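K.L.:
Got a structure for you, structure_30.cif, holding mmCIF, C-alpha atoms and all ligand atoms.
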```
data_query
#
loop_
_atom_site.group_PDB
_atom_site.id
_atom_site.type_symbol
_atom_site.label_atom_id
_atom_site.label_comp_id
_atom_site.auth_asym_id
_atom_site.auth_seq_id
_atom_site.Cartn_x
_atom_site.Cartn_y
_atom_site.Cartn_z
ATOM 1 C CA MET A 1423 43.133 -31.978 -45.967
ATOM 2 C CA ALA A 1424 39.552 -33.279 -46.267
ATOM 3 C CA TYR A 1425 38.732 -35.856 -43.607
ATOM 4 C CA GLU A 1426 35.380 -37.064 -42.302
ATOM 5 C CA THR A 1427 36.219 -37.474 -38.601
ATOM 6 C CA VAL A 1428 39.169 -35.170 -37.956
ATOM 7 C CA LEU A 1429 39.835 -31.517 -38.685
ATOM 8 C CA PHE A 1430 43.248 -30.658 -40.096
ATOM 9 C CA GLU A 1431 44.236 -27.000 -39.850
ATOM 10 C CA ARG A 1432 47.578 -25.471 -40.641
ATOM 11 C CA SER A 1433 48.987 -22.122 -39.609
ATOM 12 C CA ASP A 1434 52.620 -20.937 -39.707
ATOM 13 C CA GLY A 1435 54.351 -24.267 -39.232
ATOM 14 C CA VAL A 1436 51.751 -25.615 -36.784
ATOM 15 C CA VAL A 1437 49.181 -28.258 -37.706
ATOM 16 C CA THR A 1438 46.202 -28.717 -35.391
ATOM 17 C CA ILE A 1439 44.489 -32.102 -35.628
ATOM 18 C CA THR A 1440 41.066 -32.100 -33.946
ATOM 19 C CA LEU A 1441 39.319 -35.397 -33.225
ATOM 20 C CA ASN A 1442 35.842 -34.562 -34.416
ATOM 21 C CA ARG A 1443 33.114 -36.943 -33.287
ATOM 22 C CA PRO A 1444 31.898 -34.806 -30.379
ATOM 23 C CA GLU A 1445 28.556 -36.608 -30.043
ATOM 24 C CA THR A 1446 30.543 -39.647 -28.742
ATOM 25 C CA LEU A 1447 33.190 -37.592 -26.870
ATOM 26 C CA ASN A 1448 35.413 -38.398 -29.868
ATOM 27 C CA ALA A 1449 35.262 -42.174 -29.675
ATOM 28 C CA PHE A 1450 37.521 -43.867 -32.215
ATOM 29 C CA ASN A 1451 35.774 -45.703 -35.018
ATOM 30 C CA ASP A 1452 37.853 -47.233 -37.825
ATOM 31 C CA THR A 1453 37.621 -44.099 -39.945
ATOM 32 C CA MET A 1454 38.882 -41.876 -37.157
ATOM 33 C CA ILE A 1455 41.786 -44.209 -36.369
ATOM 34 C CA ARG A 1456 42.729 -44.294 -40.070
ATOM 35 C CA GLU A 1457 42.310 -40.574 -40.622
ATOM 36 C CA THR A 1458 44.236 -39.580 -37.478
ATOM 37 C CA THR A 1459 47.072 -41.882 -38.536
ATOM 38 C CA ASP A 1460 47.073 -40.356 -41.999
ATOM 39 C CA ALA A 1461 47.025 -36.817 -40.580
ATOM 40 C CA PHE A 1462 50.195 -37.530 -38.551
ATOM 41 C CA LYS A 1463 51.766 -39.166 -41.605
ATOM 42 C CA GLN A 1464 51.116 -36.015 -43.665
ATOM 43 C CA CYS A 1465 52.753 -33.935 -40.898
ATOM 44 C CA GLY A 1466 55.842 -36.131 -41.175
ATOM 45 C CA LYS A 1467 56.080 -35.719 -44.944
ATOM 46 C CA ASP A 1468 55.755 -31.942 -44.967
ATOM 47 C CA PRO A 1469 58.944 -30.122 -43.882
ATOM 48 C CA SER A 1470 57.019 -26.881 -43.369
ATOM 49 C CA VAL A 1471 55.169 -28.520 -40.443
ATOM 50 C CA ARG A 1472 57.294 -28.043 -37.326
ATOM 51 C CA CYS A 1473 54.860 -28.723 -34.491
ATOM 52 C CA VAL A 1474 51.575 -30.637 -34.210
ATOM 53 C CA VAL A 1475 48.701 -30.033 -31.796
ATOM 54 C CA LEU A 1476 46.178 -32.803 -31.059
ATOM 55 C CA THR A 1477 42.878 -31.937 -29.407
ATOM 56 C CA GLY A 1478 39.227 -32.959 -29.301
ATOM 57 C CA ALA A 1479 36.076 -31.178 -30.467
ATOM 58 C CA GLY A 1480 33.370 -30.520 -27.885
ATOM 59 C CA ARG A 1481 33.648 -31.473 -24.214
ATOM 60 C CA GLY A 1482 35.823 -34.600 -24.533
ATOM 61 C CA PHE A 1483 39.346 -35.308 -25.714
ATOM 62 C CA SER A 1484 38.531 -38.906 -26.610
ATOM 63 C CA SER A 1485 36.415 -41.601 -24.974
ATOM 64 C CA GLY A 1486 38.532 -44.359 -26.563
ATOM 65 C CA GLN A 1487 37.256 -47.133 -28.748
ATOM 66 C CA ASP A 1488 33.725 -46.575 -30.097
ATOM 67 C CA LEU A 1489 31.971 -49.338 -28.190
ATOM 68 C CA ALA A 1490 28.785 -49.136 -30.256
ATOM 69 C CA ASP A 1491 30.894 -49.773 -33.322
ATOM 70 C CA VAL A 1492 32.643 -52.891 -31.920
ATOM 71 C CA GLN A 1493 29.330 -54.197 -30.616
ATOM 72 C CA LYS A 1494 28.098 -54.453 -34.215
ATOM 73 C CA ARG A 1495 31.052 -56.551 -35.359
ATOM 74 C CA GLY A 1496 29.889 -59.979 -34.262
ATOM 75 C CA ASP A 1497 31.833 -62.918 -32.872
ATOM 76 C CA ASP A 1498 34.603 -63.240 -35.431
ATOM 77 C CA PHE A 1499 35.896 -59.714 -34.691
ATOM 78 C CA SER A 1500 39.501 -59.989 -33.463
ATOM 79 C CA ILE A 1501 40.461 -57.227 -31.044
ATOM 80 C CA ALA A 1502 44.139 -58.149 -31.438
ATOM 81 C CA GLU A 1503 43.915 -57.616 -35.184
ATOM 82 C CA HIS A 1504 41.954 -54.389 -34.683
ATOM 83 C CA LEU A 1505 44.697 -53.125 -32.346
ATOM 84 C CA ARG A 1506 47.506 -54.189 -34.671
ATOM 85 C CA GLN A 1507 45.942 -52.705 -37.807
ATOM 86 C CA GLY A 1508 44.623 -49.569 -36.114
ATOM 87 C CA TYR A 1509 45.860 -48.172 -32.816
ATOM 88 C CA HIS A 1510 49.363 -49.614 -33.075
ATOM 89 C CA ARG A 1511 49.945 -47.916 -36.418
ATOM 90 C CA LEU A 1512 48.596 -44.641 -35.064
ATOM 91 C CA ILE A 1513 50.720 -44.742 -31.899
ATOM 92 C CA LEU A 1514 53.887 -45.694 -33.775
ATOM 93 C CA GLU A 1515 53.237 -42.946 -36.336
ATOM 94 C CA MET A 1516 53.058 -40.439 -33.465
ATOM 95 C CA VAL A 1517 56.109 -41.715 -31.606
ATOM 96 C CA ARG A 1518 58.180 -41.905 -34.801
ATOM 97 C CA LEU A 1519 57.154 -38.423 -35.948
ATOM 98 C CA GLU A 1520 60.304 -36.395 -35.312
ATOM 99 C CA LYS A 1521 58.385 -33.248 -34.457
ATOM 100 C CA PRO A 1522 56.884 -32.230 -31.123
ATOM 101 C CA ILE A 1523 53.251 -33.216 -30.629
ATOM 102 C CA ILE A 1524 51.370 -31.207 -28.017
ATOM 103 C CA ALA A 1525 48.107 -32.614 -26.698
ATOM 104 C CA ALA A 1526 45.584 -29.944 -25.752
ATOM 105 C CA ILE A 1527 43.495 -32.092 -23.435
ATOM 106 C CA ASN A 1528 40.154 -30.353 -23.354
ATOM 107 C CA GLY A 1529 38.109 -32.964 -21.470
ATOM 108 C CA VAL A 1530 37.991 -36.633 -20.627
ATOM 109 C CA ALA A 1531 40.580 -38.999 -22.135
ATOM 110 C CA ALA A 1532 39.414 -42.574 -21.573
ATOM 111 C CA GLY A 1533 40.621 -46.014 -22.675
ATOM 112 C CA ALA A 1534 42.447 -45.814 -25.984
ATOM 113 C CA GLY A 1535 41.913 -42.038 -25.827
ATOM 114 C CA PHE A 1536 44.172 -42.018 -22.750
ATOM 115 C CA GLY A 1537 46.727 -44.092 -24.682
ATOM 116 C CA ILE A 1538 46.702 -41.656 -27.596
ATOM 117 C CA ALA A 1539 47.175 -38.753 -25.170
ATOM 118 C CA LEU A 1540 50.197 -40.542 -23.685
ATOM 119 C CA ALA A 1541 51.711 -41.003 -27.143
ATOM 120 C CA THR A 1542 51.988 -37.213 -27.503
ATOM 121 C CA ASP A 1543 55.141 -35.482 -26.296
ATOM 122 C CA ILE A 1544 53.796 -32.630 -24.186
ATOM 123 C CA ARG A 1545 50.383 -32.622 -22.550
ATOM 124 C CA ILE A 1546 48.624 -29.428 -21.551
ATOM 125 C CA ALA A 1547 45.282 -29.975 -19.870
ATOM 126 C CA SER A 1548 42.209 -27.909 -19.194
ATOM 127 C CA ASP A 1549 41.181 -27.841 -15.550
ATOM 128 C CA LYS A 1550 38.098 -29.764 -16.770
ATOM 129 C CA ALA A 1551 40.192 -32.629 -18.191
ATOM 130 C CA SER A 1552 40.417 -36.065 -16.640
ATOM 131 C CA PHE A 1553 41.857 -39.459 -17.467
ATOM 132 C CA ILE A 1554 40.278 -42.896 -17.095
ATOM 133 C CA LEU A 1555 41.823 -46.300 -17.794
ATOM 134 C CA ALA A 1556 38.286 -47.397 -18.603
ATOM 135 C CA PHE A 1557 39.240 -50.799 -20.001
ATOM 136 C CA SER A 1558 38.443 -52.855 -16.880
ATOM 137 C CA ARG A 1559 34.917 -51.357 -16.805
ATOM 138 C CA VAL A 1560 34.248 -53.442 -19.891
ATOM 139 C CA GLY A 1561 36.303 -56.445 -18.751
ATOM 140 C CA LEU A 1562 39.410 -55.647 -20.796
ATOM 141 C CA ILE A 1563 43.056 -55.068 -19.954
ATOM 142 C CA PRO A 1564 44.694 -51.722 -20.715
ATOM 143 C CA ASP A 1565 45.893 -51.443 -24.316
ATOM 144 C CA SER A 1566 46.927 -48.762 -26.812
ATOM 145 C CA GLY A 1567 50.353 -48.461 -25.195
ATOM 146 C CA THR A 1568 49.013 -47.510 -21.771
ATOM 147 C CA ASN A 1569 50.885 -50.433 -20.131
ATOM 148 C CA TRP A 1570 54.112 -49.094 -21.599
ATOM 149 C CA PHE A 1571 53.677 -45.361 -21.097
ATOM 150 C CA LEU A 1572 51.853 -45.020 -17.810
ATOM 151 C CA PRO A 1573 54.038 -47.022 -15.361
ATOM 152 C CA ARG A 1574 57.044 -45.139 -16.753
ATOM 153 C CA ILE A 1575 55.383 -41.827 -15.895
ATOM 154 C CA ILE A 1576 53.569 -42.506 -12.609
ATOM 155 C CA GLY A 1577 55.043 -45.804 -11.387
ATOM 156 C CA GLN A 1578 53.539 -49.267 -11.503
ATOM 157 C CA ALA A 1579 51.527 -49.173 -8.248
ATOM 158 C CA ARG A 1580 49.600 -46.058 -9.295
ATOM 159 C CA ALA A 1581 49.185 -47.289 -12.867
ATOM 160 C CA TYR A 1582 47.932 -50.687 -11.729
ATOM 161 C CA GLU A 1583 45.462 -49.093 -9.317
ATOM 162 C CA LEU A 1584 44.106 -46.835 -12.063
ATOM 163 C CA ALA A 1585 43.818 -49.880 -14.342
ATOM 164 C CA ILE A 1586 41.866 -52.106 -11.996
ATOM 165 C CA THR A 1587 39.654 -49.441 -10.412
ATOM 166 C CA ALA A 1588 39.105 -47.435 -13.633
ATOM 167 C CA ASP A 1589 38.802 -44.434 -11.310
ATOM 168 C CA ARG A 1590 38.902 -40.979 -12.832
ATOM 169 C CA LEU A 1591 42.262 -39.172 -12.521
ATOM 170 C CA PRO A 1592 41.414 -35.474 -12.373
ATOM 171 C CA ALA A 1593 43.622 -32.841 -14.003
ATOM 172 C CA ASP A 1594 45.222 -31.576 -10.766
ATOM 173 C CA GLN A 1595 46.255 -35.101 -9.742
ATOM 174 C CA ALA A 1596 47.481 -35.802 -13.280
ATOM 175 C CA LEU A 1597 49.687 -32.723 -12.955
ATOM 176 C CA ALA A 1598 51.034 -33.813 -9.568
ATOM 177 C CA TRP A 1599 51.887 -37.250 -11.008
ATOM 178 C CA GLY A 1600 53.524 -35.896 -14.153
ATOM 179 C CA VAL A 1601 50.888 -37.162 -16.605
ATOM 180 C CA VAL A 1602 50.478 -33.615 -17.892
ATOM 181 C CA ASN A 1603 52.975 -30.770 -18.161
ATOM 182 C CA ARG A 1604 50.533 -28.046 -17.115
ATOM 183 C CA VAL A 1605 46.906 -27.424 -16.260
ATOM 184 C CA VAL A 1606 45.275 -24.172 -17.331
ATOM 185 C CA PRO A 1607 41.774 -22.715 -16.937
ATOM 186 C CA HIS A 1608 39.545 -24.230 -19.600
ATOM 187 C CA ASP A 1609 39.084 -21.009 -21.590
ATOM 188 C CA GLU A 1610 42.831 -20.482 -21.765
ATOM 189 C CA LEU A 1611 43.634 -23.968 -23.097
ATOM 190 C CA MET A 1612 43.743 -23.349 -26.843
ATOM 191 C CA PRO A 1613 45.366 -19.876 -26.659
ATOM 192 C CA THR A 1614 48.056 -21.293 -24.322
ATOM 193 C CA VAL A 1615 48.700 -24.304 -26.540
ATOM 194 C CA GLN A 1616 48.702 -22.299 -29.784
ATOM 195 C CA GLU A 1617 51.157 -19.797 -28.350
ATOM 196 C CA PHE A 1618 53.452 -22.582 -27.175
ATOM 197 C CA ALA A 1619 53.164 -24.432 -30.501
ATOM 198 C CA ALA A 1620 53.991 -21.253 -32.432
ATOM 199 C CA ARG A 1621 57.094 -20.833 -30.287
ATOM 200 C CA LEU A 1622 58.205 -24.426 -30.920
ATOM 201 C CA ALA A 1623 57.583 -24.004 -34.664
ATOM 202 C CA GLN A 1624 60.220 -21.244 -34.672
ATOM 203 C CA GLY A 1625 62.712 -23.431 -32.827
ATOM 204 C CA ALA A 1626 65.572 -25.761 -33.761
ATOM 205 C CA SER A 1627 63.179 -28.369 -35.170
ATOM 206 C CA LEU A 1628 65.824 -30.802 -36.384
ATOM 207 C CA ALA A 1629 67.272 -30.957 -32.860
ATOM 208 C CA TYR A 1630 63.764 -31.288 -31.374
ATOM 209 C CA GLY A 1631 63.129 -34.307 -33.601
ATOM 210 C CA LEU A 1632 66.468 -35.959 -32.854
ATOM 211 C CA THR A 1633 65.891 -35.355 -29.127
ATOM 212 C CA LYS A 1634 62.583 -37.218 -29.321
ATOM 213 C CA ARG A 1635 64.284 -40.096 -31.122
ATOM 214 C CA THR A 1636 67.164 -40.390 -28.664
ATOM 215 C CA MET A 1637 64.944 -40.135 -25.554
ATOM 216 C CA TYR A 1638 62.660 -42.930 -26.789
ATOM 217 C CA ARG A 1639 65.681 -45.029 -27.791
ATOM 218 C CA ALA A 1640 67.279 -44.525 -24.349
ATOM 219 C CA TRP A 1641 64.406 -46.454 -22.677
ATOM 220 C CA GLU A 1642 65.746 -49.635 -24.210
ATOM 221 C CA GLN A 1643 69.492 -48.918 -23.952
ATOM 222 C CA SER A 1644 72.240 -49.275 -21.358
ATOM 223 C CA LEU A 1645 73.954 -46.049 -20.285
ATOM 224 C CA GLU A 1646 76.902 -46.894 -22.523
ATOM 225 C CA GLU A 1647 74.648 -47.444 -25.529
ATOM 226 C CA ALA A 1648 72.722 -44.244 -24.780
ATOM 227 C CA LEU A 1649 75.930 -42.221 -24.595
ATOM 228 C CA GLY A 1650 77.026 -43.657 -27.927
ATOM 229 C CA TYR A 1651 73.685 -42.916 -29.565
ATOM 230 C CA GLU A 1652 73.669 -39.340 -28.239
ATOM 231 C CA ALA A 1653 77.107 -38.735 -29.692
ATOM 232 C CA TYR A 1654 75.998 -40.176 -33.044
ATOM 233 C CA LEU A 1655 72.915 -37.956 -33.249
ATOM 234 C CA GLN A 1656 74.777 -34.920 -31.933
ATOM 235 C CA GLU A 1657 77.065 -35.234 -34.955
ATOM 236 C CA THR A 1658 73.970 -34.827 -37.153
ATOM 237 C CA ALA A 1659 72.674 -31.870 -35.128
ATOM 238 C CA ALA A 1660 76.075 -30.198 -35.245
ATOM 239 C CA ARG A 1661 76.118 -30.330 -39.054
ATOM 240 C CA SER A 1662 72.830 -28.415 -39.276
ATOM 241 C CA HIS A 1663 72.101 -24.858 -40.354
ATOM 242 C CA ASP A 1664 70.442 -24.352 -36.960
ATOM 243 C CA TYR A 1665 73.595 -25.171 -35.029
ATOM 244 C CA ARG A 1666 75.674 -22.722 -37.082
ATOM 245 C CA GLU A 1667 72.950 -20.097 -36.760
ATOM 246 C CA GLY A 1668 72.503 -20.722 -33.023
ATOM 247 C CA VAL A 1669 76.181 -20.252 -32.243
ATOM 248 C CA GLN A 1670 76.479 -17.228 -34.557
ATOM 249 C CA ALA A 1671 73.409 -15.591 -33.004
ATOM 250 C CA PHE A 1672 74.758 -16.192 -29.504
ATOM 251 C CA LEU A 1673 78.087 -14.570 -30.368
ATOM 252 C CA GLU A 1674 76.324 -11.634 -32.048
ATOM 253 C CA LYS A 1675 73.983 -11.269 -29.046
ATOM 254 C CA ARG A 1676 70.816 -11.575 -31.156
ATOM 255 C CA ALA A 1677 67.882 -13.993 -31.383
ATOM 256 C CA PRO A 1678 68.575 -16.988 -33.652
ATOM 257 C CA ARG A 1679 66.572 -17.497 -36.858
ATOM 258 C CA PHE A 1680 66.182 -21.267 -36.953
ATOM 259 C CA GLN A 1681 65.000 -23.020 -40.096
ATOM 260 C CA GLY A 1682 64.589 -26.555 -38.774
ATOM 261 C CA ARG A 1683 67.368 -27.952 -40.936
HETATM 262 C C1 LIG A 1701 30.492 -43.286 -26.462
HETATM 263 C C2 LIG A 1701 31.705 -43.684 -25.893
HETATM 264 C C3 LIG A 1701 32.408 -44.758 -26.476
HETATM 265 C C4 LIG A 1701 30.685 -44.923 -28.045
HETATM 266 C C5 LIG A 1701 30.938 -42.055 -24.738
HETATM 267 N N1 LIG A 1701 31.858 -45.344 -27.552
HETATM 268 N N2 LIG A 1701 29.986 -43.909 -27.523
HETATM 269 C C6 LIG A 1701 40.245 -51.358 -28.155
HETATM 270 C C7 LIG A 1701 39.904 -52.307 -29.144
HETATM 271 C C8 LIG A 1701 38.634 -52.901 -29.248
HETATM 272 C C9 LIG A 1701 37.653 -52.972 -28.403
HETATM 273 C C10 LIG A 1701 37.525 -52.338 -27.195
HETATM 274 O O1 LIG A 1701 38.394 -51.406 -26.715
HETATM 275 C C11 LIG A 1701 39.583 -50.973 -27.087
HETATM 276 C C12 LIG A 1701 40.203 -49.965 -26.267
HETATM 277 C C13 LIG A 1701 39.310 -49.077 -25.464
HETATM 278 O O2 LIG A 1701 39.343 -47.897 -25.684
HETATM 279 S S1 LIG A 1701 38.335 -49.806 -24.271
HETATM 280 C C14 LIG A 1701 37.610 -48.435 -23.462
HETATM 281 C C15 LIG A 1701 36.523 -47.816 -24.261
HETATM 282 N N3 LIG A 1701 36.009 -46.650 -23.624
HETATM 283 C C16 LIG A 1701 35.230 -46.675 -22.536
HETATM 284 O O3 LIG A 1701 34.927 -47.696 -21.955
HETATM 285 C C17 LIG A 1701 34.677 -45.346 -22.073
HETATM 286 C C18 LIG A 1701 33.194 -45.287 -22.323
HETATM 287 N N4 LIG A 1701 32.683 -44.009 -21.928
HETATM 288 C C19 LIG A 1701 32.464 -43.628 -20.660
HETATM 289 O O4 LIG A 1701 32.715 -44.366 -19.710
HETATM 290 C C20 LIG A 1701 31.888 -42.277 -20.436
HETATM 291 O O5 LIG A 1701 31.277 -41.850 -21.610
HETATM 292 C C21 LIG A 1701 32.936 -41.236 -20.002
HETATM 293 C C22 LIG A 1701 33.390 -41.549 -18.566
HETATM 294 C C23 LIG A 1701 34.135 -41.215 -20.955
HETATM 295 C C24 LIG A 1701 32.302 -39.841 -20.013
HETATM 296 O O6 LIG A 1701 31.111 -39.869 -19.248
HETATM 297 P P1 LIG A 1701 30.037 -38.672 -19.369
HETATM 298 O O7 LIG A 1701 30.751 -37.372 -19.310
HETATM 299 O O8 LIG A 1701 28.988 -38.953 -18.357
HETATM 300 O O9 LIG A 1701 29.459 -38.784 -20.857
HETATM 301 P P2 LIG A 1701 28.400 -39.857 -21.430
HETATM 302 O O10 LIG A 1701 28.727 -41.208 -20.916
HETATM 303 O O11 LIG A 1701 27.022 -39.348 -21.244
HETATM 304 O O12 LIG A 1701 28.805 -39.838 -22.999
HETATM 305 C C25 LIG A 1701 28.294 -38.848 -23.895
HETATM 306 C C26 LIG A 1701 27.858 -39.553 -25.162
HETATM 307 O O13 LIG A 1701 29.036 -40.164 -25.754
HETATM 308 C C27 LIG A 1701 26.886 -40.694 -24.875
HETATM 309 O O14 LIG A 1701 26.031 -40.784 -25.972
HETATM 310 P P3 LIG A 1701 24.488 -40.256 -25.843
HETATM 311 O O15 LIG A 1701 23.900 -40.550 -27.193
HETATM 312 O O16 LIG A 1701 23.875 -40.978 -24.695
HETATM 313 O O17 LIG A 1701 24.624 -38.760 -25.563
HETATM 314 C C28 LIG A 1701 27.785 -41.912 -24.870
HETATM 315 O O18 LIG A 1701 27.116 -43.096 -25.207
HETATM 316 C C29 LIG A 1701 28.796 -41.564 -25.935
HETATM 317 N N5 LIG A 1701 30.045 -42.280 -25.706
HETATM 318 N N6 LIG A 1701 31.947 -42.906 -24.834
HETATM 319 N N7 LIG A 1701 33.580 -45.158 -26.026
#
```
For this file, write the structure as structure tokens.
P.N.:
Amino acid sequence: MAYETVLFERSDGVVTITLNRPETLNAFNDTMIRETTDAFKQCGKDPSVRCVVLTGAGRGFSSGQDLADVQKRGDDFSIAEHLRQGYHRLILEMVRLEKPIIAAINGVAAGAGFGIALATDIRIASDKASFILAFSRVGLIPDSGTNWFLPRIIGQARAYELAITADRLPADQALAWGVVNRVVPHDELMPTVQEFAARLAQGASLAYGLTKRTMYRAWEQSLEEALGYEAYLQETAARSHDYREGVQAFLEKRAPRFQGR
């Protein structure tokens, strides 16, 4: 896939999308928002893709909105429209992608870059990574889904404090608060993530996708509704090749050969 601002690499069922504007710590301009959205869309369309890795080139994950770019827009620039046409589409594309997305957080994730990190499913961070709800530094409120994701993960008091102070949340604290799944030494980040992604790409991908759907849906359901929805999706999972193969492999005491269907 030829993009200007993101790298798109594919290997054995794993696509790695690299935000690639390192001179700005991977700030999002319109092209990068559009291309990242398209890259996730392509991952959704291609059944051979079974896991997606999102990372940043250079020393940052993403510094959020490219502020130099918005500065040029003039007075009739509508941030609301920019969010609706750009970040919202990207975030919904990620959340609706029924495949695991692993963020390899290689450095700072600030502003909308923090929001995009939170829209991934599993976050593995370098010990050099950090997170900043930078919005209030420029007189804005948190956006890009951070108001939705972050209080659910760390609680409202911590999220609100991070929002109004814009203090840096270092990797070890992010781990303690559940913002990331693991922290690894910087040099081990990509090997760790690629090994994990390769493992997931061999897994029961249909079930992984349905699990993502039902967990997101459960946030807005009563227990009764969630139980009903689980049963409905379990019916789909139980009609899959992977379910038959999984049970057969268990009974034959061998490793399953899942196909993701
Ligand atoms: C950047 C950026 C950047 C451009 C570093 N833009 N160049 C949505 C819709 C519409 C409007 C507004 O916002 C939003 C949502 C948002 O995302 S609002 C929040 C936007 N992001 C920020 O406020 C973060 C701005 N960046 C920073 O505070 C720092 O760069 C952090 C703390 C991320 C990293 O600090 P350092 O490690 O000290 O790096 P640095 O500041 O020296 O940055 C390196 C270069 O990257 C530098 O360029 P230069 O030419 O001097 O080397 C920066 O200007 C550039 N850069 N962030 N968002």
K.L.:
Quick one, how far is CA of Lys1463 (chain A) from CA of Thr1542 (chain A)?
P.N.:
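Separating CA of Lys1463 (chain A) from CA of Thr1542 (chain A) is a distance of 14.2 Å.
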K.L.:
Determine, counting all atoms listed in the file, which protein, DNA and RNA residues have an atom within 7 Å of an atom of Ala1623 (chain A); residues of the same chain fewer than 3 positions away are not included. Present the result as a PyMOL selection string.
P.N.:
chain A and resi 1435-1436+1472-1473+1619-1620
K.L.:
Using only C-alpha atoms, list the residues that have an atom at most 10 Å from (64.4, -35.8, -32.9), coordinates as in the file, as a PyMOL selection string.
P.N.:
chain A and resi 1518-1522+1627-1638+1655+1659
K.L.:
Residues up to 10 Å from ligand LIG 1701 (chain A), counting all atoms listed in the file: could you list those as a PyMOL selection string?
P.N.:
chain A and resi 1443-1451+1481-1493+1499-1506+1508-1509+1529-1538+1552-1566+1588-1590
K.L.:
When you look at region 1663-1667 of chain A with a cut-off of 7 Å (counting all atoms listed in the file), what residues show up, excluding the ones that are within fewer than 5 positions of it in the same chain? I need them as a list in words.
P.N.:
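The residues that qualify are Ala1626, Pro1678, Arg1679, Phe1680, Gln1681, Gly1682 and Arg1683 of chain A.
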K.L.:
Keeping C-alpha atoms for every residue in the selection just given, could you write it to a file as a tab-separated table (two decimals), in the frame of the given file?
P.N.:
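Contents of part-v2.tsv, as written:
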```
chain	number	residue	atom	x	y	z
A	1626	ALA	CA	65.57	-25.76	-33.76
A	1678	PRO	CA	68.58	-16.99	-33.65
A	1679	ARG	CA	66.57	-17.50	-36.86
A	1680	PHE	CA	66.18	-21.27	-36.95
A	1681	GLN	CA	65.00	-23.02	-40.10
A	1682	GLY	CA	64.59	-26.56	-38.77
A	1683	ARG	CA	67.37	-27.95	-40.94
```
K.L.:
Given only C-alpha atoms as the basis, pick out the residue of A:Ala1585, A:Cys1465, A:Ile1544, A:Ala1551 nearest to His1608 (chain A).
P.N.:
A:Ala1551
K.L.:
Have a look at A:Ala1677, A:Pro1607, A:Leu1591, A:Arg1574 and name the one nearest to Gly1625 (chain A); count all atoms listed in the file.
P.N.:
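When distances to Gly1625 (chain A) are compared using all atoms listed in the file, the smallest one comes from A:Ala1677.
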K.L.:
Would you compute the distance between CA of Ala1547 (chain A) and CA of Val1605 (chain A)? Give it in Å to one decimal.
P.N.:
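Between these atoms lies a distance of 4.7 Å.
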